Amino acid sequence: AKNQGRNRYAFYTRDLTANAHQRMEMENDMRRGLERGEFTLYYQPKFDLHAQQLNGMEALVRWQHPQRGMVEPDQFIPLAEETGLIVELGKHILELACLQLAEWRTQHLAPPRMAINVSGMQLIGNKLVSDIRRALETHDIPASLLELEITEDFVMNQNREAIHLLDIFSKMGIHLSIDDFGTGYSSLAYLKEMPLDTLKIDRSFVSGLPENHHDAAISQTIIVLAHNLGMSVVAEGVENAAQQALLTEQGCDTVQGYHISPPLPAEEFSQRFLQRAPS
Ligand code: C2E
Ligand code: CA
Ligand code: CA
Ligand code: CA
């Protein structure tokens, strides 16, 4: 019965046009999960290639489902986005991330900047601004410790509202990154309109390194582009030393991936990567 449940689940998450009843069932399941605190964050380090030390981390959501075990975000984020539940889930994720930063600071650890992933739908209207202000204030966290990873689809429209919103975040001192850079269908025009700090080279361009000459040309080009625009570059999905060596040679600033560490639960992350704050 358990297997059957899993199969049915996989079916309707992958096929979003599947029957409305099944999707509603999963949506309800997510809502219940939110109420019961089943969502948790894993943390993956970002490693500074120049300073050779940790310079950030990314929070990645997991769903500890009572029957299905640990569910990966690809299994539920798409439906959450489609149903709009991502707004509530995203607010919860923001809260969890700030709570964790506050806890580490209380323990006199010195967490570096924490990046959270933000879906386009969370950026409609001004709600996210007040949510973030409140979360930072409640947990007494400087805005400079927060980073938002935004996908290209949102910024490419270059609409005034989007620019205005990103300006607000930027003026607050929040770090802004474009996630999965190079995979969207957008022009590059938005890059000069928006107050962006970092481009993240998508894993699909990193996986072929160092041998694939086309991938190498793409990563080199993104690095040069970012630097010429005054931005920094993170390469994601770096899985081995050879990839890291080439990216270092190409002038990449930061790497993230299994070669440094997979995403880890908070406790493991802090034991492996966090230092005590100087007192
Ligand atoms: P993403 O933002 O591009 O996150 C990077 C994904 O690559 C993560 O998958 C991470 O675990 C995985 N990864 C990291 N290093 C490596 C590596 O060296 N090799 C390989 N093969 N994979 C690596 P994850 O955690 O399953 O998340 C998948 C996607 O789900 C994320 O892609 C992001 O788009 C979305 N997501 C995750 N957490 C959140 C969240 O809190 N909010 C929103 N809106 N989306 C989220
Ligand atoms: Ca991301
Ligand atoms: Ca990414
Ligand atoms: Ca990616």
# chains A, B, ... in the order shown; residues from 1 in each chain; ligands from 1
>>> select_by_dssp(residues="stretch 28-189 of chain A", states="helix (DSSP H, G or I)", output="count of residues only")
77
>>> residues_around(residues="A:Leu85", least_positions_apart="3", cutoff="10 Å", atoms="only C-alpha atoms", output="ChimeraX atom specification")
/A:27-28,30-31,77,79-82,88-90,121-122
>>> closest_residue(among="A:Glu239, A:Asp179, A:Asp74, A:Asp153", to="ligand 2", atoms="only C-alpha atoms and all ligand atoms")
A:Asp179
>>> select_by_dssp(residues="stretch 13-113 of chain A", states="strand (DSSP E or B)", output="list in words")
Phe39, Thr40, Leu41, Tyr42, Tyr43, Gln44, Pro45, Lys46, Phe47, Asp48, Gln53, Leu54, Asn55, Gly56, Met57, Glu58, Ala59, Leu60, Val61, Arg62, Trp63, Gln64, His65, Gly69, Met70, Val71 and Leu109 of chain A
>>> write_last_selection(atoms="N, CA and C atoms", output="short mmCIF file (atom, residue, chain, number, x, y, z; two decimals), in the first residue's frame")
data_model
loop_
_atom_site.label_atom_id
_atom_site.label_comp_id
_atom_site.auth_asym_id
_atom_site.auth_seq_id
_atom_site.Cartn_x
_atom_site.Cartn_y
_atom_site.Cartn_z
N PHE A 39 7.88 20.84 7.19
CA PHE A 39 8.90 21.36 6.28
C PHE A 39 10.13 21.78 7.08
N THR A 40 11.28 21.47 6.50
CA THR A 40 12.52 21.78 7.19
C THR A 40 13.55 22.26 6.17
N LEU A 41 14.60 22.88 6.64
CA LEU A 41 15.62 23.38 5.72
C LEU A 41 16.93 22.62 5.87
N TYR A 42 17.56 22.35 4.73
CA TYR A 42 18.93 21.85 4.69
C TYR A 42 19.80 23.02 4.22
N TYR A 43 21.06 22.96 4.56
CA TYR A 43 21.95 24.08 4.26
C TYR A 43 23.17 23.60 3.49
N GLN A 44 23.45 24.29 2.37
CA GLN A 44 24.63 23.93 1.58
C GLN A 44 25.62 25.10 1.58
N PRO A 45 26.90 24.80 1.90
CA PRO A 45 27.89 25.88 1.96
C PRO A 45 28.25 26.44 0.59
N LYS A 46 28.63 27.71 0.58
CA LYS A 46 29.21 28.35 -0.60
C LYS A 46 30.65 28.69 -0.22
N PHE A 47 31.57 28.31 -1.08
CA PHE A 47 32.99 28.40 -0.75
C PHE A 47 33.69 29.44 -1.61
N ASP A 48 34.32 30.39 -0.95
CA ASP A 48 35.02 31.50 -1.62
C ASP A 48 36.37 31.01 -2.14
N GLN A 53 37.59 30.12 1.95
CA GLN A 53 36.77 29.88 3.14
C GLN A 53 35.28 30.05 2.80
N LEU A 54 34.47 29.62 3.74
CA LEU A 54 33.03 29.74 3.59
C LEU A 54 32.63 31.21 3.43
N ASN A 55 31.77 31.52 2.46
CA ASN A 55 31.29 32.90 2.41
C ASN A 55 29.77 33.00 2.32
N GLY A 56 29.11 31.87 2.45
CA GLY A 56 27.66 31.89 2.42
C GLY A 56 27.09 30.49 2.48
N MET A 57 25.78 30.42 2.43
CA MET A 57 25.10 29.12 2.39
C MET A 57 23.75 29.32 1.73
N GLU A 58 23.23 28.21 1.21
CA GLU A 58 21.89 28.25 0.61
C GLU A 58 20.97 27.34 1.40
N ALA A 59 19.81 27.86 1.75
CA ALA A 59 18.79 27.06 2.44
C ALA A 59 17.93 26.36 1.38
N LEU A 60 17.78 25.04 1.51
CA LEU A 60 17.00 24.26 0.55
C LEU A 60 15.92 23.48 1.31
N VAL A 61 14.70 23.66 0.89
CA VAL A 61 13.58 23.09 1.65
C VAL A 61 13.46 21.57 1.44
N ARG A 62 13.03 20.89 2.49
CA ARG A 62 12.71 19.46 2.44
C ARG A 62 11.38 19.26 3.13
N TRP A 63 10.64 18.24 2.69
CA TRP A 63 9.36 17.93 3.32
C TRP A 63 9.48 16.58 4.01
N GLN A 64 9.45 16.61 5.33
CA GLN A 64 9.51 15.36 6.09
C GLN A 64 8.09 14.83 6.21
N HIS A 65 7.72 14.07 5.20
CA HIS A 65 6.36 13.57 5.12
C HIS A 65 6.20 12.35 6.02
N GLY A 69 8.34 9.87 3.86
CA GLY A 69 9.74 10.17 4.18
C GLY A 69 10.15 11.51 3.63
N MET A 70 11.45 11.68 3.42
CA MET A 70 11.97 12.98 2.98
C MET A 70 11.63 13.23 1.51
N VAL A 71 10.83 14.24 1.27
CA VAL A 71 10.43 14.55 -0.11
C VAL A 71 11.26 15.75 -0.60
N LEU A 109 27.81 31.43 17.40
CA LEU A 109 28.42 31.00 16.15
C LEU A 109 28.30 32.18 15.19
#
>>> closest_residue(among="A:Leu246, A:Ile132, A:Ala241, A:Leu199", to="A:Gln220", atoms="only C-alpha atoms")
A:Leu246
>>> closest_residue(among="A:Thr83, A:Asn117, A:Asn212, A:Ser270", to="ligand 3", atoms="only C-alpha atoms and all ligand atoms")
A:Asn117
